[in-house]
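Engineer: My structure is below; once you've seen it, I'll send some questions.
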Amino acid sequence: MPSVAVRNRGGGAAAADDERHIVGAAAPDRTTTRTVTRDRLEALPEAGAPVTPLRTRLAAVVITLGGLLFGYDTGVIAGALPYMARPEGAGGLALTPATEGLVTSSLLVGAAVGAMASGRLSDRHGRRRTLLVLAVIFTLGAVGTALAPGLGAMVAARVVLGLAVGGASATVPVFLAELAPQESRGSYVAADQLMIVTGQLLAYTLNAVLAHTVEGPHTWRYMLALASVPAVALWVLVRRVPETSRWFAARGRYGDALTTLRRTRPAGHDAVGELLEIVQVADAETATRRLGWRDLRAPWIRRLMLVGIGVAVIQQVSGVNTIMYYAPTLLERTGLATDAALTATIANGVVSVLAAVLGLRIVRRVRRRTMLLAGQAGILLALLALSAVFAAAVEPALRAGGVPPLGASYLVLAFMLVFLLFQQAALSPVTWVMLSEVFPLRMRGLGMGIAVFLHWCVNAVISFTFPVLVDGVGGAATFLLFAVVNAGAILFAWRLIPETSERSLEELEEDFRRRYA
């Protein structure tokens with residue numbers, strides 16, 4: 001009969017009290033070891049208590065409102081920047097290429113800090129409570145950016161908003177991975193990517209609608225303020241979602257863990273058996289200290305950190321956010337007017353959503369590593385094509401003091417769409433799935449936080465330097481540089497990133513520990 005060691009408070013407790021300590025609120029400091037079998041877990045009051053079934057897919061939709069906000073708040077700047085670049089007398093902030101990069105990247109600096117902090121917070125206080133706090137920060141940041149009177153206030157408000165964006169990027173995938181059944185884990189986590197690009201499409205669409213319907217100098221303020229609506233919805237709805245069974249198990253709250261499993265699994269599912277598997281890992285983790293920085297001396301921990309950081313950084317060095325943040329600016333450079341560029345950018349959002357839906361189907365059928373490499377290869381070809389169009393058609397016309405041909409605008413848009421097809425159908429969804437899988441339980445929050453922290457740092461550097469590079473050396477050289485970097489990223493993925501599909505989180509942890517010890 002399967003059994004695991006469970007830690008109970010020491011000293012003179014009766015047997016009946018010992019049984020109740022299985023459901024203790026937290027792992028105690030002074031402990032003895034007691035074996036728990038299926039019979040003991042089945043004897044818990046929570047094993048037979050009535051529960052209200054929870055539609056796990058509906059709960060996932062609520063959780064991924066954090067992803068929707070992530071997408072909206074990162075995508076809305078694409079439409080706001082052309083207006084913010086106008087003189088102050090015309091309602092703008094008189095942004096230059098350098099200050100455009102500063103405004104864009106300031107959110108990403110906050111996101112890096114938010115991702116790092118939220119990992120520890122979600123480990124300590126739970127995924128659900130962390131998401132509630134992030135909903136409040138999302139609301140404050142959206143209102144702050146909409147009301148910012150000048151560049152300094154805008155940058156400060158964007159940093160605050162970034163704290164929530166980064167926190168959501170680290171918390172939501174872990175929340176989904178731990179709530180989902182093993183056989184659906186990949187599609188649940190990939191659904192976060194779908195909500196991110198849906199948020200970006202929503203931002204692009206509302207940007208274009210406001211550009212055509214709202215007259216006045218402050219159109220961009222309405223664009224930014226609308227982000228507060230889904231933030232409030234997230235705060236209200238996530239209160240109805242339970243904490244994950246794995247977090248409860250890691251804290252020694254096995255009765256609560258069993259309740260969550262019974263609520264989120266179909267009738268007839270062996271919830272006790274699943275809990276036993278979780279406890280086998282969680283109890284071993286509780287019996288030892290939580291992993292920290294000094295544990296990076298262990299070869300297997302260093303290897304997992306390298307893999308996690310590599311996966312996170314690969315998703316950014318593709319250059320995806322140069323297109324998501326600066327598409328209207330790039331299309332203006334090819335000769336389109338501001339309103340036309342904003343309208344054309346909707347196509348980016350539509351393709352991103354359709355590709356993300358395709359990614360949900362692919363991630364259930366294609367192995368993670370194969371999906372990663374295929375996405376990288378398609379992105380490399382799209383970057384080379386963008387570089388060629390700028391070199392052959394756009395920049396010669398600009399150097400001659402003319403306007404690039406309309407066909408060049410269509411080609412740039414078309415290759416952007418090819419880029420986004422491979423990014424959003426393959427590379428982006430598999431990035432977040434793999435990140436949610438590679439770290440062991442007692443360092444999952446910390447490991448995810450570190451990886452996503454560096455993810456956002458790279459994003460910030462790229463977003464700040466991109467407009468300066470395009471203004472200084474041109475689009476052809478800039479996209480060629482990204483192509484070279486992506487070739488190196490493909491080599492890294494081919495040699496170092498392992499396969500993670502078709503195994504439970506607990507099986508993956510044991511395999512990584514044996515392979516890299």
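Identifiers for the structure tokens are assigned positionally: chains receive A, B, ... in sequence, residues are indexed from 1 per chain, and ligands are indexed from 1 in the order shown.
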Could you give me, as a ChimeraX atom specification, the residues within 10 Å of segment 68-72 of chain A, counting only C-alpha atoms and dropping anything in the same chain fewer than 6 positions from it?
Structural biologist: /A:61-62,111,135,138-139,161-162,164-169,192-204,223-224,226-231,234,324
Engineer: Write out as a ChimeraX atom specification each polymer residue whose atoms come within 12 Å of Thr370 of chain A, counting only C-alpha atoms; drop sequence neighbours fewer than 3 positions from it.
Structural biologist: /A:362-363,365-367,373-377,426-427,430,490,493-494,497-501
Engineer: So how far away is atom CA of Gly335 of chain A from atom CA of Glu395 of chain A, in Å?
Structural biologist: 11.2 Å
Engineer: Which of these residues is nearest to Arg444 of chain A, using only C-alpha atoms: A:Val473, A:Leu421, A:Ala191, A:Ile301?
Structural biologist: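 Comparing A:Val473, A:Leu421, A:Ala191, A:Ile301 against Arg444 of chain A, the winner is A:Ile301.
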Engineer: For a test of reading the model, state the distance in Å between atom CA of Leu163 of chain A and atom CA of Val113 of chain A, rounded to one decimal.
Structural biologist: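 Rounded to one decimal, the two atoms are 6.3 Å apart.
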Engineer: Quote the spacing between atom CA of Ala90 of chain A and atom CA of Thr219 of chain A in Å to one decimal place.
Structural biologist: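 Answer for the atom CA of Ala90 of chain A to atom CA of Thr219 of chain A separation: 11.0 Å.
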Engineer: Measuring atom to atom with only C-alpha atoms, identify which of A:Leu206, A:Gly110, A:Gly66, A:Leu508 is nearest to Thr343 of chain A.
Structural biologist: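 Residue with the minimum atom-to-atom distance to Thr343 of chain A: A:Leu206.
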Engineer: Within segment 259-370 of chain A, find each residue whose DSSP state, derived from the backbone, is helix (DSSP H, G or I), and express the selection as a VMD selection string.
Structural biologist: chain A and resid 259 to 264 271 to 286 293 to 297 299 to 317 320 to 333 338 to 365 368 to 370
Engineer: Using only C-alpha atoms, which protein or nucleic acid residues come within 12 Å of segment 92-99 of chain A? Drop anything in the same chain fewer than 3 positions from it, and give the result as a ChimeraX atom specification.
Structural biologist: /A:80-89,102-106,148-155,216-221,326,329,463-472
Engineer: For the residues in the current selection, export C-alpha atoms as a compact mmCIF listing (two decimals), in the first residue's frame.
Structural biologist:
```txt
# COMPACT_ATOMS: atom_id res chain seq x y z
CA ALA A 80 -0.52 55.21 -27.62
CA LEU A 81 3.07 55.97 -28.68
CA PRO A 82 2.26 57.85 -31.93
CA TYR A 83 0.00 60.20 -29.97
CA MET A 84 2.40 60.53 -27.05
CA ALA A 85 5.16 61.51 -29.50
CA ARG A 86 3.19 64.62 -30.49
CA PRO A 87 4.11 68.03 -28.99
CA GLU A 88 2.76 68.84 -25.55
CA GLY A 89 0.57 71.55 -27.06
CA LEU A 102 12.16 54.68 -22.02
CA VAL A 103 8.36 54.76 -21.71
CA THR A 104 8.02 51.33 -23.29
CA SER A 105 10.83 49.66 -21.35
CA SER A 106 9.90 51.20 -17.97
CA ALA A 148 0.13 60.99 -15.97
CA PRO A 149 0.81 64.72 -16.53
CA GLY A 150 4.33 64.32 -17.90
CA LEU A 151 7.16 61.97 -18.82
CA GLY A 152 8.37 61.38 -15.24
CA ALA A 153 4.91 60.48 -13.94
CA MET A 154 4.28 58.26 -16.95
CA VAL A 155 7.51 56.32 -16.41
CA GLY A 216 -9.19 65.52 -29.17
CA PRO A 217 -5.63 65.56 -27.90
CA HIS A 218 -6.03 62.89 -25.20
CA THR A 219 -7.12 59.81 -27.15
CA TRP A 220 -4.14 57.87 -25.79
CA ARG A 221 -5.31 58.44 -22.21
CA TYR A 326 6.37 49.15 -32.36
CA THR A 329 5.76 52.99 -35.69
CA SER A 463 12.43 47.45 -26.16
CA PHE A 464 14.60 50.40 -25.12
CA THR A 465 17.24 49.92 -27.80
CA PHE A 466 15.01 48.94 -30.74
CA PRO A 467 13.70 52.42 -31.69
CA VAL A 468 17.19 53.84 -31.20
CA LEU A 469 18.69 51.13 -33.43
CA VAL A 470 16.09 51.59 -36.17
CA ASP A 471 16.62 55.35 -36.08
CA GLY A 472 20.41 54.96 -36.08
```
Engineer: Identify, on the basis of only C-alpha atoms, every residue whose closest approach to Thr260 of chain A does not exceed 12 Å; exclude the query and any residue fewer than 4 positions from it along the same chain; express the result as a PyMOL selection string.
Structural biologist: chain A and resi 46-47+49-56+178-181+241-249+253-256+264-266+271-272+274-275
Engineer: Keeping C-alpha atoms, export the residues of the selection given above as a PDB file, in the first residue's frame.
Structural biologist:
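For reference, out.pdb as written:
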```pdb
ATOM      1  CA  GLU A  46     -12.506  16.139   3.832  1.00  0.00           C
ATOM      2  CA  ALA A  47     -12.425  12.779   1.991  1.00  0.00           C
ATOM      3  CA  ALA A  49     -17.469  15.761   2.952  1.00  0.00           C
ATOM      4  CA  PRO A  50     -19.828  17.181   0.320  1.00  0.00           C
ATOM      5  CA  VAL A  51     -18.072  19.469  -2.160  1.00  0.00           C
ATOM      6  CA  THR A  52     -19.280  21.889  -4.790  1.00  0.00           C
ATOM      7  CA  PRO A  53     -17.796  20.796  -8.126  1.00  0.00           C
ATOM      8  CA  LEU A  54     -15.781  23.454  -9.879  1.00  0.00           C
ATOM      9  CA  ARG A  55     -15.529  23.643 -13.642  1.00  0.00           C
ATOM     10  CA  THR A  56     -11.762  23.646 -13.982  1.00  0.00           C
ATOM     11  CA  GLU A 178      -0.858  23.025 -10.507  1.00  0.00           C
ATOM     12  CA  LEU A 179      -4.645  23.258 -10.888  1.00  0.00           C
ATOM     13  CA  ALA A 180      -4.885  21.278 -14.142  1.00  0.00           C
ATOM     14  CA  PRO A 181      -5.125  17.485 -14.508  1.00  0.00           C
ATOM     15  CA  VAL A 241     -11.184  30.005  -7.411  1.00  0.00           C
ATOM     16  CA  PRO A 242      -9.584  27.663  -4.825  1.00  0.00           C
ATOM     17  CA  GLU A 243      -5.902  27.509  -3.970  1.00  0.00           C
ATOM     18  CA  THR A 244      -4.027  24.656  -5.670  1.00  0.00           C
ATOM     19  CA  SER A 245      -3.701  21.209  -4.116  1.00  0.00           C
ATOM     20  CA  ARG A 246       0.074  21.234  -4.589  1.00  0.00           C
ATOM     21  CA  TRP A 247       0.462  24.478  -2.635  1.00  0.00           C
ATOM     22  CA  PHE A 248      -1.707  23.076   0.172  1.00  0.00           C
ATOM     23  CA  ALA A 249       0.329  19.862   0.190  1.00  0.00           C
ATOM     24  CA  ARG A 253      -2.590  21.057   4.573  1.00  0.00           C
ATOM     25  CA  TYR A 254      -3.558  17.690   3.121  1.00  0.00           C
ATOM     26  CA  GLY A 255      -7.252  17.930   3.885  1.00  0.00           C
ATOM     27  CA  ASP A 256      -7.511  21.207   1.989  1.00  0.00           C
ATOM     28  CA  THR A 264     -11.499  20.104  -9.717  1.00  0.00           C
ATOM     29  CA  ARG A 265     -11.460  16.473 -10.909  1.00  0.00           C
ATOM     30  CA  PRO A 266     -14.282  14.550 -12.615  1.00  0.00           C
ATOM     31  CA  ALA A 271      -8.270  12.038  -5.803  1.00  0.00           C
ATOM     32  CA  VAL A 272      -6.624  10.237  -2.873  1.00  0.00           C
ATOM     33  CA  GLU A 274      -3.268  11.723  -6.883  1.00  0.00           C
ATOM     34  CA  LEU A 275      -2.787  13.339  -3.483  1.00  0.00           C
TER      35      LEU A 275
END
```
